[in-house]
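Novice: Got target.tsv for you, TSV, C-alpha atoms and all ligand atoms:
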```
chain	number	residue	atom	x	y	z
J	1	MET	CA	-13.23	-53.95	-5.76
J	2	SER	CA	-15.53	-50.98	-6.09
J	3	ASN	CA	-19.22	-50.92	-5.19
J	4	LYS	CA	-19.74	-47.70	-7.08
J	5	ARG	CA	-22.43	-47.89	-9.72
J	6	ASP	CA	-24.82	-45.73	-11.67
J	7	ILE	CA	-28.48	-46.58	-11.92
J	8	ILE	CA	-30.37	-45.25	-14.93
J	9	ILE	CA	-34.12	-45.77	-15.04
J	10	VAL	CA	-36.00	-45.31	-18.30
J	11	ASP	CA	-39.70	-45.52	-19.08
J	12	ASN	CA	-39.91	-48.76	-21.00
J	13	ALA	CA	-38.11	-51.49	-22.90
J	14	SER	CA	-37.81	-49.52	-26.12
J	15	GLU	CA	-36.15	-46.63	-24.30
J	16	LEU	CA	-33.87	-49.17	-22.69
J	17	SER	CA	-32.80	-50.37	-26.13
J	18	ALA	CA	-32.27	-46.81	-27.34
J	19	ARG	CA	-30.20	-45.91	-24.30
J	20	GLY	CA	-28.15	-49.11	-24.57
J	21	ALA	CA	-27.38	-48.43	-28.25
J	22	ALA	CA	-26.37	-44.86	-27.38
J	23	ILE	CA	-24.01	-46.14	-24.66
J	24	PHE	CA	-22.49	-48.65	-27.12
J	25	PHE	CA	-21.94	-45.93	-29.74
J	26	LYS	CA	-20.48	-43.34	-27.37
J	27	ARG	CA	-18.07	-45.80	-25.83
J	28	ALA	CA	-17.06	-47.24	-29.23
J	29	LYS	CA	-16.30	-43.77	-30.61
J	30	GLU	CA	-14.30	-42.74	-27.55
J	31	VAL	CA	-12.24	-45.92	-27.46
J	32	VAL	CA	-11.62	-46.09	-31.21
J	33	ASP	CA	-10.56	-42.44	-31.29
J	34	HIS	CA	-8.25	-43.08	-28.38
J	35	LYS	CA	-6.65	-46.43	-29.20
J	36	GLY	CA	-8.02	-47.60	-32.53
J	37	ARG	CA	-9.75	-50.81	-31.44
J	38	PHE	CA	-12.86	-51.44	-29.34
J	39	SER	CA	-13.63	-54.79	-27.71
J	40	VAL	CA	-17.16	-55.52	-26.58
J	41	ALA	CA	-18.78	-58.66	-25.16
J	42	LEU	CA	-22.51	-59.17	-25.70
J	43	SER	CA	-25.15	-61.19	-23.91
J	44	GLY	CA	-27.94	-63.31	-25.26
J	45	GLY	CA	-31.52	-63.53	-24.02
J	46	SER	CA	-34.40	-61.36	-25.13
J	47	THR	CA	-33.57	-58.01	-23.47
J	48	PRO	CA	-30.63	-56.89	-25.65
J	49	ARG	CA	-32.33	-57.77	-28.92
J	50	GLY	CA	-33.91	-54.33	-29.33
J	51	MET	CA	-30.55	-52.67	-28.79
J	52	HIS	CA	-28.86	-55.04	-31.23
J	53	LYS	CA	-31.44	-54.27	-33.92
J	54	LEU	CA	-30.92	-50.54	-33.46
J	55	LEU	CA	-27.19	-50.94	-34.05
J	56	ALA	CA	-27.99	-52.05	-37.61
J	57	GLU	CA	-30.13	-48.97	-38.22
J	58	GLU	CA	-29.36	-45.29	-38.69
J	59	PRO	CA	-27.77	-43.29	-37.19
J	60	TYR	CA	-25.53	-46.12	-35.97
J	61	LEU	CA	-25.29	-48.18	-39.14
J	62	SER	CA	-23.29	-45.56	-41.01
J	63	ARG	CA	-21.61	-43.79	-38.09
J	64	MET	CA	-20.30	-46.66	-35.99
J	65	PRO	CA	-16.59	-47.37	-36.59
J	66	TRP	CA	-17.43	-50.97	-37.48
J	67	GLY	CA	-14.01	-51.78	-38.90
J	68	ALA	CA	-12.44	-51.18	-35.47
J	69	ILE	CA	-15.03	-53.04	-33.42
J	70	GLU	CA	-14.36	-56.54	-32.13
J	71	LEU	CA	-17.48	-58.44	-31.09
J	72	PHE	CA	-17.26	-61.17	-28.47
J	73	TRP	CA	-19.93	-62.98	-26.47
J	74	VAL	CA	-20.41	-63.27	-22.74
J	75	ASP	CA	-22.04	-66.68	-23.00
J	76	GLU	CA	-23.41	-69.20	-25.45
J	77	ARG	CA	-25.71	-72.18	-25.35
J	78	CYS	CA	-24.12	-75.34	-26.75
J	79	VAL	CA	-26.55	-75.74	-29.62
J	80	PRO	CA	-26.23	-75.40	-33.40
J	81	VAL	CA	-26.02	-71.81	-34.66
J	82	ASP	CA	-29.37	-72.15	-36.41
J	83	ASP	CA	-31.10	-73.19	-33.15
J	84	PRO	CA	-33.27	-70.34	-31.81
J	85	ALA	CA	-31.41	-70.72	-28.49
J	86	SER	CA	-28.05	-69.82	-30.05
J	87	ASN	CA	-27.00	-66.36	-28.85
J	88	TYR	CA	-24.78	-65.86	-31.85
J	89	GLY	CA	-27.40	-67.21	-34.25
J	90	VAL	CA	-29.97	-64.73	-32.94
J	91	ALA	CA	-27.48	-61.84	-32.95
J	92	LYS	CA	-26.57	-62.64	-36.55
J	93	GLU	CA	-30.16	-62.24	-37.61
J	94	ASP	CA	-30.71	-59.19	-35.41
J	95	PHE	CA	-27.69	-57.19	-36.51
J	96	VAL	CA	-24.36	-58.92	-37.23
J	97	ASN	CA	-25.40	-59.90	-40.77
J	98	ARG	CA	-26.57	-56.36	-41.43
J	99	ILE	CA	-23.55	-54.31	-40.39
J	100	PRO	CA	-20.33	-53.69	-42.34
J	101	ILE	CA	-18.07	-55.43	-39.83
J	102	PRO	CA	-15.08	-57.44	-41.10
J	103	PRO	CA	-15.82	-61.16	-40.48
J	104	ALA	CA	-12.48	-61.49	-38.65
J	105	ASN	CA	-13.77	-59.04	-36.01
J	106	VAL	CA	-16.66	-61.31	-35.05
J	107	HIS	CA	-15.77	-63.85	-32.35
J	108	PRO	CA	-18.72	-66.11	-31.49
J	109	MET	CA	-18.24	-68.69	-28.76
J	110	PRO	CA	-17.88	-72.17	-30.26
J	111	GLY	CA	-21.21	-73.65	-29.16
J	112	GLU	CA	-21.17	-76.52	-31.65
J	113	VAL	CA	-18.27	-78.52	-30.25
J	114	PRO	CA	-18.21	-80.48	-26.96
J	115	PRO	CA	-18.53	-77.92	-24.10
J	116	GLU	CA	-15.10	-78.39	-22.48
J	117	GLU	CA	-13.45	-78.20	-25.87
J	118	GLY	CA	-15.41	-75.05	-26.71
J	119	ALA	CA	-14.36	-73.41	-23.43
J	120	GLY	CA	-10.68	-74.19	-24.10
J	121	GLU	CA	-10.97	-72.95	-27.65
J	122	TYR	CA	-12.51	-69.60	-26.62
J	123	GLN	CA	-9.91	-69.18	-23.87
J	124	ARG	CA	-7.23	-69.55	-26.56
J	125	GLN	CA	-9.00	-67.04	-28.79
J	126	LEU	CA	-9.04	-64.53	-25.93
J	127	GLU	CA	-5.36	-65.16	-25.18
J	128	GLU	CA	-4.48	-64.54	-28.78
J	129	PHE	CA	-6.66	-61.48	-29.21
J	130	PHE	CA	-5.62	-59.76	-26.00
J	131	GLN	CA	-1.97	-60.87	-26.33
J	132	LEU	CA	-1.75	-61.64	-22.68
J	133	GLY	CA	1.32	-62.18	-20.61
J	134	LYS	CA	1.40	-64.63	-17.70
J	135	GLY	CA	-1.08	-63.83	-14.93
J	136	ALA	CA	-2.96	-61.19	-16.98
J	137	SER	CA	-6.70	-61.32	-17.73
J	138	PRO	CA	-8.60	-59.94	-20.72
J	139	VAL	CA	-9.89	-56.41	-20.25
J	140	PHE	CA	-12.93	-55.63	-22.39
J	141	ASP	CA	-13.76	-52.01	-23.18
J	142	ILE	CA	-17.39	-52.71	-22.40
J	143	ILE	CA	-19.52	-55.73	-21.54
J	144	PHE	CA	-23.30	-55.76	-21.79
J	145	LEU	CA	-24.94	-58.10	-19.30
J	146	GLY	CA	-28.49	-59.23	-18.63
J	147	MET	CA	-29.99	-60.74	-15.50
J	148	GLY	CA	-32.46	-63.58	-15.03
J	149	THR	CA	-35.25	-63.63	-12.43
J	150	ASP	CA	-33.03	-65.95	-10.35
J	151	GLY	CA	-30.24	-63.34	-10.34
J	152	HIS	CA	-27.99	-65.14	-12.81
J	153	THR	CA	-25.92	-63.17	-15.22
J	154	ALA	CA	-24.00	-64.43	-18.24
J	155	SER	CA	-24.33	-68.22	-17.60
J	156	LEU	CA	-23.23	-67.84	-13.99
J	157	PHE	CA	-26.06	-69.37	-12.02
J	158	PRO	CA	-26.88	-69.17	-8.28
J	159	GLY	CA	-25.12	-71.90	-6.33
J	160	ALA	CA	-22.78	-72.86	-9.16
J	161	ASN	CA	-19.17	-72.70	-8.15
J	162	SER	CA	-16.47	-71.98	-10.62
J	163	VAL	CA	-14.34	-75.08	-11.05
J	164	GLY	CA	-11.56	-73.63	-13.15
J	165	GLY	CA	-9.77	-71.47	-10.60
J	166	SER	CA	-7.67	-68.46	-11.27
J	167	GLY	CA	-6.68	-67.95	-14.90
J	168	THR	CA	-9.88	-69.59	-16.19
J	169	TRP	CA	-11.75	-67.10	-18.35
J	170	VAL	CA	-14.24	-69.39	-20.03
J	171	GLU	CA	-16.12	-72.26	-18.43
J	172	ALA	CA	-18.53	-74.94	-19.56
J	173	VAL	CA	-21.58	-75.13	-17.28
J	174	LYS	CA	-25.03	-76.69	-17.40
J	175	GLY	CA	-28.26	-74.99	-16.40
J	176	GLY	CA	-30.74	-72.23	-17.10
J	177	ILE	CA	-33.61	-72.18	-19.55
J	178	PRO	CA	-33.22	-74.01	-21.84
J	179	ASP	CA	-31.33	-76.39	-19.52
J	180	VAL	CA	-28.41	-77.12	-21.82
J	181	TYR	CA	-24.64	-76.99	-21.62
J	182	ARG	CA	-23.35	-73.47	-21.99
J	183	LEU	CA	-20.10	-71.60	-22.25
J	184	THR	CA	-19.64	-68.53	-20.10
J	185	LEU	CA	-17.04	-65.92	-19.32
J	186	THR	CA	-16.05	-66.12	-15.66
J	187	TYR	CA	-16.29	-63.46	-12.95
J	188	GLU	CA	-12.54	-63.04	-13.33
J	189	VAL	CA	-13.01	-61.64	-16.84
J	190	LEU	CA	-16.27	-59.79	-16.25
J	191	ASN	CA	-14.93	-57.97	-13.22
J	192	ARG	CA	-11.88	-56.72	-15.09
J	193	ALA	CA	-13.89	-54.88	-17.77
J	194	LYS	CA	-13.43	-51.16	-18.14
J	195	GLU	CA	-17.18	-50.79	-18.24
J	196	ILE	CA	-20.20	-53.00	-17.65
J	197	CYS	CA	-23.74	-52.11	-18.54
J	198	PHE	CA	-26.59	-54.30	-17.27
J	199	LEU	CA	-29.80	-54.14	-19.29
J	200	VAL	CA	-32.81	-55.27	-17.25
J	201	ALA	CA	-36.48	-54.85	-18.13
J	202	GLY	CA	-39.84	-56.09	-16.93
J	203	LYS	CA	-41.92	-56.44	-13.77
J	204	GLU	CA	-41.00	-60.10	-13.34
J	205	LYS	CA	-37.46	-58.96	-12.47
J	206	ALA	CA	-38.45	-56.23	-9.99
J	207	LEU	CA	-38.05	-58.38	-6.85
J	208	THR	CA	-34.67	-59.62	-7.96
J	209	VAL	CA	-33.55	-56.09	-8.80
J	210	ARG	CA	-34.52	-55.01	-5.28
J	211	ALA	CA	-32.58	-57.92	-3.80
J	212	ILE	CA	-29.53	-56.99	-5.85
J	213	PHE	CA	-29.40	-53.53	-4.34
J	214	GLU	CA	-30.95	-54.01	-0.94
J	215	ASP	CA	-30.17	-57.53	0.27
J	216	ARG	CA	-26.48	-58.03	0.76
J	217	GLU	CA	-27.05	-61.60	1.94
J	218	ALA	CA	-28.82	-62.70	-1.23
J	219	ASN	CA	-25.53	-63.78	-2.77
J	220	LEU	CA	-26.80	-63.58	-6.33
J	221	PRO	CA	-24.43	-63.89	-9.28
J	222	ALA	CA	-25.34	-60.42	-10.58
J	223	GLN	CA	-24.29	-58.99	-7.20
J	224	LYS	CA	-20.83	-60.45	-7.70
J	225	ILE	CA	-20.25	-58.11	-10.61
J	226	GLN	CA	-18.08	-55.53	-8.92
J	227	LEU	CA	-15.51	-53.95	-11.13
J	228	ALA	CA	-11.90	-53.89	-10.07
J	229	ASN	CA	-11.37	-50.68	-11.93
J	230	GLY	CA	-14.24	-49.67	-14.13
J	231	LYS	CA	-17.65	-48.13	-14.53
J	232	LEU	CA	-20.73	-50.18	-13.63
J	233	THR	CA	-24.12	-49.03	-14.93
J	234	TRP	CA	-27.48	-50.62	-14.26
J	235	LEU	CA	-29.88	-49.61	-17.02
J	236	LEU	CA	-33.39	-50.52	-15.86
J	237	ASP	CA	-36.85	-49.86	-17.14
J	238	LYS	CA	-39.46	-48.50	-14.70
J	239	GLU	CA	-41.06	-51.90	-14.22
J	240	ALA	CA	-37.81	-53.60	-13.29
J	241	ALA	CA	-37.03	-50.75	-10.87
J	242	SER	CA	-40.54	-50.61	-9.40
J	243	PHE	CA	-39.66	-52.26	-6.04
J	244	MET	CA	-36.49	-50.29	-5.41
J	245	SER	CA	-36.52	-47.80	-2.57
J	246	LYS	CA	-36.08	-44.11	-3.37
J	247	GLU	CA	-32.96	-44.01	-1.20
J	248	MET	CA	-31.38	-46.74	-3.27
J	249	ILE	CA	-32.24	-45.05	-6.56
J	250	HIS	CA	-31.04	-41.62	-5.52
J	251	GLY	CA	-28.07	-42.64	-3.47
J	252	SER	CA	-26.73	-45.03	-6.08
J	253	SER	CA	-23.59	-43.46	-7.38
B	1	LIG	C1	-28.23	-65.87	-21.96
B	1	LIG	C2	-27.68	-64.78	-21.15
B	1	LIG	C3	-28.33	-64.54	-19.84
B	1	LIG	C4	-29.40	-63.48	-20.03
B	1	LIG	C5	-30.39	-63.49	-18.89
B	1	LIG	C6	-31.52	-62.52	-19.12
B	1	LIG	O1	-27.66	-66.17	-22.97
B	1	LIG	O2	-29.26	-66.43	-21.58
B	1	LIG	O3	-26.62	-64.10	-21.55
B	1	LIG	O4	-27.49	-64.21	-18.80
B	1	LIG	O5	-28.80	-62.22	-20.13
B	1	LIG	O6	-30.92	-64.79	-18.80
B	1	LIG	O7	-32.24	-62.94	-20.23
B	1	LIG	P1	-33.47	-62.16	-20.78
B	1	LIG	O8	-32.97	-60.91	-21.36
B	1	LIG	O9	-34.06	-63.07	-21.81
B	1	LIG	O10	-34.39	-61.93	-19.62
```
Spell out the structure here as structure tokens.
Ligand code: 6PG
Specialist:
Amino acid sequence: MSNKRDIIIVDNASELSARGAAIFFKRAKEVVDHKGRFSVALSGGSTPRGMHKLLAEEPYLSRMPWGAIELFWVDERCVPVDDPASNYGVAKEDFVNRIPIPPANVHPMPGEVPPEEGAGEYQRQLEEFFQLGKGASPVFDIIFLGMGTDGHTASLFPGANSVGGSGTWVEAVKGGIPDVYRLTLTYEVLNRAKEICFLVAGKEKALTVRAIFEDREANLPAQKIQLANGKLTWLLDKEAASFMSKEMIHGSS
């Protein structure tokens, strides 16, 4: 595992969205030019919404190679798609319905079936999409993650132990706000990505951000994101980074 990471600090949440969209576009272009297909996993929550909306606007709307992009989700709340807590439901409104992406390239987590069933179903979808041999794990081209004030990421919450064991890529868990059943990708999948970009904004996350970088004992889920072989970027706004020490900011990569 590598502890290497880049920390990018921008002025505010709208710059965070702009930078996130630029990272998405650059990576999509590179990967599509190179191998013809780009797999990305997206998070829910409020922070990525600005970035998602920008993806459905120019210059990205007409320049993104949408036909070669495969959209997956990092986690989902087990609620109906039209519930405001549905990550896919919100993303549909924010951008998926407004981009020229083939419907077959959109892979929402099945949040409307019983949680264990949904986890098994998404695991099968990943197996089929990534055409995996025995012992292999999916490798996403990029995954966008968020972080809660308690240090959770995806729906991997502090103190929750994975029950599935090796080879489990999707799990059903309960917790968070709203406190409902959820489906989440596991560390095993997240840590295999070629690139991960955290998007974190707001003063209420500043203490947690400091703990992530400066308190090795904190044992927070977001600290467990350490890529086996990929690029890890923390994209923070000034408020979220406001309690970080200068040494940590400058000595990050
Ligand atoms: C979700 C998530 C979750 C989220 C964090 C941060 O669906 O809730 O994927 O991990 O990224 O809770 O959420 P905010 O961006 O709303 O602070």
Novice: Just give me the residues with any atom within 10 Å of (-9.3, -51.4, -31.9), file coordinates, counting all atoms listed in the file, written as a list in words.
Specialist: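 Residues lying no farther than 10 Å from the given point: Ala28, Val31, Val32, Asp33, His34, Lys35, Gly36, Arg37, Phe38, Ser39, Pro65, Trp66, Gly67, Ala68, Ile69, Glu70, Asn105 and Asp141 of chain J.
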Novice: Pick the closest to ligand LIG 1 (chain B) from J:Lys246, J:Arg210, J:Arg216, J:Arg182: which is it, counting all atoms listed in the file?
Specialist: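 Comparing J:Lys246, J:Arg210, J:Arg216, J:Arg182 against ligand LIG 1 (chain B), the winner is J:Arg182.
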Novice: 8 Å from ligand LIG 1 (chain B) is the threshold here; counting all atoms listed in the file, which polymer residues fall inside it? Answer as a list of chain:residue names.
Specialist: J:Leu42, J:Ser43, J:Gly44, J:Gly45, J:Ser46, J:Thr47, J:Pro48, J:Val74, J:Asp75, J:Glu76, J:Arg77, J:Ser86, J:Asn87, J:Leu145, J:Gly146, J:Met147, J:Gly148, J:Thr149, J:His152, J:Thr153, J:Ala154, J:Ser155, J:Leu156, J:Gly176, J:Ile177, J:Leu199, J:Val200, J:Ala201
Novice: Excluding range 222-231 of chain J and any residue of its chain fewer than 2 positions from it, enumerate the residues within 12 Å of it, using only C-alpha atoms, and give them as a ChimeraX atom specification.
Specialist: /J:1-7,27,137,139-158,186-200,208-220,233-234,253
Novice: What is the distance between CA of Gly167 in chain J and CA of Leu71 in chain J, in Å to one decimal?
Specialist: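 Distance between the two atoms: 21.7 Å.
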Novice: Which residues of range 32-61 of chain J come within 10 Å of range 94-100 of chain J, and what is each one's closest atom pair and distance in Å (one decimal), counting all atoms listed in the file, sorted by chain and residue number, as CSV?
Specialist:
```
residue,atom,partner,partner_atom,distance
J:Arg49,CA,J:Asp94,CA,6.8
J:Gly50,CA,J:Asp94,CA,8.4
J:Met51,CA,J:Asp94,CA,9.3
J:His52,CA,J:Phe95,CA,5.8
J:Lys53,CA,J:Asp94,CA,5.2
J:Leu54,CA,J:Phe95,CA,8.0
J:Leu55,CA,J:Phe95,CA,6.7
J:Ala56,CA,J:Phe95,CA,5.3
J:Glu57,CA,J:Phe95,CA,8.7
J:Tyr60,CA,J:Ile99,CA,9.5
J:Leu61,CA,J:Ile99,CA,6.5
```
Novice: What is the distance, in Å and to one decimal place, between CA of Tyr122 in chain J and CA of Ala22 in chain J?
Specialist: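 Those two atoms sit 28.4 Å apart.
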Novice: Using all atoms listed in the file, which residue out of J:Glu247, J:Asp179, J:Gly20, J:Asp11 lies closest to Leu235 in chain J?
Specialist: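 Comparing J:Glu247, J:Asp179, J:Gly20, J:Asp11 against Leu235 in chain J, the winner is J:Gly20.
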Novice: Counting all atoms listed in the file, which of J:Thr184, J:Ser62, J:Thr168, J:Gln131 gets nearest to Pro110 in chain J?
Specialist: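 Between J:Thr184, J:Ser62, J:Thr168, J:Gln131, the residue approaching Pro110 in chain J most closely is J:Thr184.
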Novice: Point out the residue among J:Ser242, J:Leu236, J:Pro221, J:Val113 with the least atom-to-atom distance to Asn161 in chain J, counting only C-alpha atoms.
Specialist: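 Among the listed residues, J:Pro221 lies closest to Asn161 in chain J.
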Novice: What gap, in Å, lies between CA of Pro178 in chain J and CA of Ser17 in chain J?
Specialist: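 Between CA of Pro178 in chain J and CA of Ser17 in chain J the gap works out to 24.0 Å.
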Novice: What's the 8 Å shell around Val79 in chain J, counting only C-alpha atoms, without same-chain residues fewer than 6 positions away, as a PDB file with C-alpha atoms, in the coordinates of the input?
Specialist:
```
ATOM      1  CA  ALA J  85     -31.410 -70.720 -28.490  1.00  0.00           C
ATOM      2  CA  SER J  86     -28.050 -69.820 -30.050  1.00  0.00           C
ATOM      3  CA  GLY J 111     -21.210 -73.650 -29.160  1.00  0.00           C
ATOM      4  CA  GLU J 112     -21.170 -76.520 -31.650  1.00  0.00           C
TER       5      GLU J 112
END
```
Novice: Which residue gives the smallest distance to Tyr181 in chain J among J:Pro108, J:Pro103, J:Gly165, J:Pro80, with all atoms listed in the file counted?
Specialist: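 The shortest atom-to-atom distance to Tyr181 in chain J comes from J:Pro80.
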Novice: Here is a test: counting all atoms listed in the file, which residue of J:Val180, J:Ala136, J:Ala172, J:Ala41 is nearest to Trp73 in chain J?
Specialist: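 When distances to Trp73 in chain J are compared using all atoms listed in the file, the smallest one comes from J:Ala41.
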Novice: Generate the missing atoms of range 222-235 of chain J up to N, CA, C and O atoms and report them as a PDB file, in the frame of the given file.
Specialist:
```
ATOM      1  N   ALA J 222     -25.445 -61.803 -10.064  1.00  0.00           N
ATOM      2  CA  ALA J 222     -25.340 -60.420 -10.580  1.00  0.00           C
ATOM      3  C   ALA J 222     -24.752 -59.475  -9.528  1.00  0.00           C
ATOM      4  O   ALA J 222     -24.177 -58.443  -9.879  1.00  0.00           O
ATOM      5  N   GLN J 223     -24.897 -59.834  -8.246  1.00  0.00           N
ATOM      6  CA  GLN J 223     -24.290 -58.990  -7.200  1.00  0.00           C
ATOM      7  C   GLN J 223     -22.774 -59.130  -7.159  1.00  0.00           C
ATOM      8  O   GLN J 223     -22.096 -58.300  -6.572  1.00  0.00           O
ATOM      9  N   LYS J 224     -22.292 -60.221  -7.738  1.00  0.00           N
ATOM     10  CA  LYS J 224     -20.830 -60.450  -7.700  1.00  0.00           C
ATOM     11  C   LYS J 224     -20.120 -59.680  -8.797  1.00  0.00           C
ATOM     12  O   LYS J 224     -18.911 -59.781  -8.938  1.00  0.00           O
ATOM     13  N   ILE J 225     -20.878 -58.963  -9.597  1.00  0.00           N
ATOM     14  CA  ILE J 225     -20.250 -58.110 -10.610  1.00  0.00           C
ATOM     15  C   ILE J 225     -19.867 -56.809  -9.920  1.00  0.00           C
ATOM     16  O   ILE J 225     -20.712 -55.951  -9.646  1.00  0.00           O
ATOM     17  N   GLN J 226     -18.619 -56.724  -9.592  1.00  0.00           N
ATOM     18  CA  GLN J 226     -18.080 -55.530  -8.920  1.00  0.00           C
ATOM     19  C   GLN J 226     -16.741 -55.267  -9.592  1.00  0.00           C
ATOM     20  O   GLN J 226     -15.821 -56.077  -9.490  1.00  0.00           O
ATOM     21  N   LEU J 227     -16.672 -54.169 -10.285  1.00  0.00           N
ATOM     22  CA  LEU J 227     -15.510 -53.950 -11.130  1.00  0.00           C
ATOM     23  C   LEU J 227     -14.273 -53.576 -10.338  1.00  0.00           C
ATOM     24  O   LEU J 227     -14.330 -52.748  -9.427  1.00  0.00           O
ATOM     25  N   ALA J 228     -13.166 -54.195 -10.717  1.00  0.00           N
ATOM     26  CA  ALA J 228     -11.900 -53.890 -10.070  1.00  0.00           C
ATOM     27  C   ALA J 228     -11.543 -52.441 -10.327  1.00  0.00           C
ATOM     28  O   ALA J 228     -11.037 -51.741  -9.459  1.00  0.00           O
ATOM     29  N   ASN J 229     -11.869 -51.982 -11.533  1.00  0.00           N
ATOM     30  CA  ASN J 229     -11.370 -50.680 -11.930  1.00  0.00           C
ATOM     31  C   ASN J 229     -12.166 -50.180 -13.121  1.00  0.00           C
ATOM     32  O   ASN J 229     -11.622 -49.970 -14.180  1.00  0.00           O
ATOM     33  N   GLY J 230     -13.454 -50.047 -12.958  1.00  0.00           N
ATOM     34  CA  GLY J 230     -14.240 -49.670 -14.130  1.00  0.00           C
ATOM     35  C   GLY J 230     -15.579 -49.091 -13.736  1.00  0.00           C
ATOM     36  O   GLY J 230     -15.880 -48.923 -12.562  1.00  0.00           O
ATOM     37  N   LYS J 231     -16.371 -48.796 -14.755  1.00  0.00           N
ATOM     38  CA  LYS J 231     -17.650 -48.130 -14.530  1.00  0.00           C
ATOM     39  C   LYS J 231     -18.788 -49.155 -14.653  1.00  0.00           C
ATOM     40  O   LYS J 231     -18.894 -49.837 -15.674  1.00  0.00           O
ATOM     41  N   LEU J 232     -19.613 -49.233 -13.632  1.00  0.00           N
ATOM     42  CA  LEU J 232     -20.730 -50.180 -13.630  1.00  0.00           C
ATOM     43  C   LEU J 232     -22.040 -49.409 -13.721  1.00  0.00           C
ATOM     44  O   LEU J 232     -22.322 -48.552 -12.878  1.00  0.00           O
ATOM     45  N   THR J 233     -22.822 -49.705 -14.761  1.00  0.00           N
ATOM     46  CA  THR J 233     -24.120 -49.030 -14.930  1.00  0.00           C
ATOM     47  C   THR J 233     -25.224 -50.073 -14.948  1.00  0.00           C
ATOM     48  O   THR J 233     -25.103 -51.093 -15.621  1.00  0.00           O
ATOM     49  N   TRP J 234     -26.274 -49.796 -14.196  1.00  0.00           N
ATOM     50  CA  TRP J 234     -27.480 -50.620 -14.260  1.00  0.00           C
ATOM     51  C   TRP J 234     -28.527 -49.797 -15.014  1.00  0.00           C
ATOM     52  O   TRP J 234     -28.980 -48.767 -14.518  1.00  0.00           O
ATOM     53  N   LEU J 235     -28.875 -50.280 -16.214  1.00  0.00           N
ATOM     54  CA  LEU J 235     -29.880 -49.610 -17.020  1.00  0.00           C
ATOM     55  C   LEU J 235     -31.172 -50.421 -16.862  1.00  0.00           C
ATOM     56  O   LEU J 235     -31.238 -51.589 -17.272  1.00  0.00           O
TER      57      LEU J 235
END
```
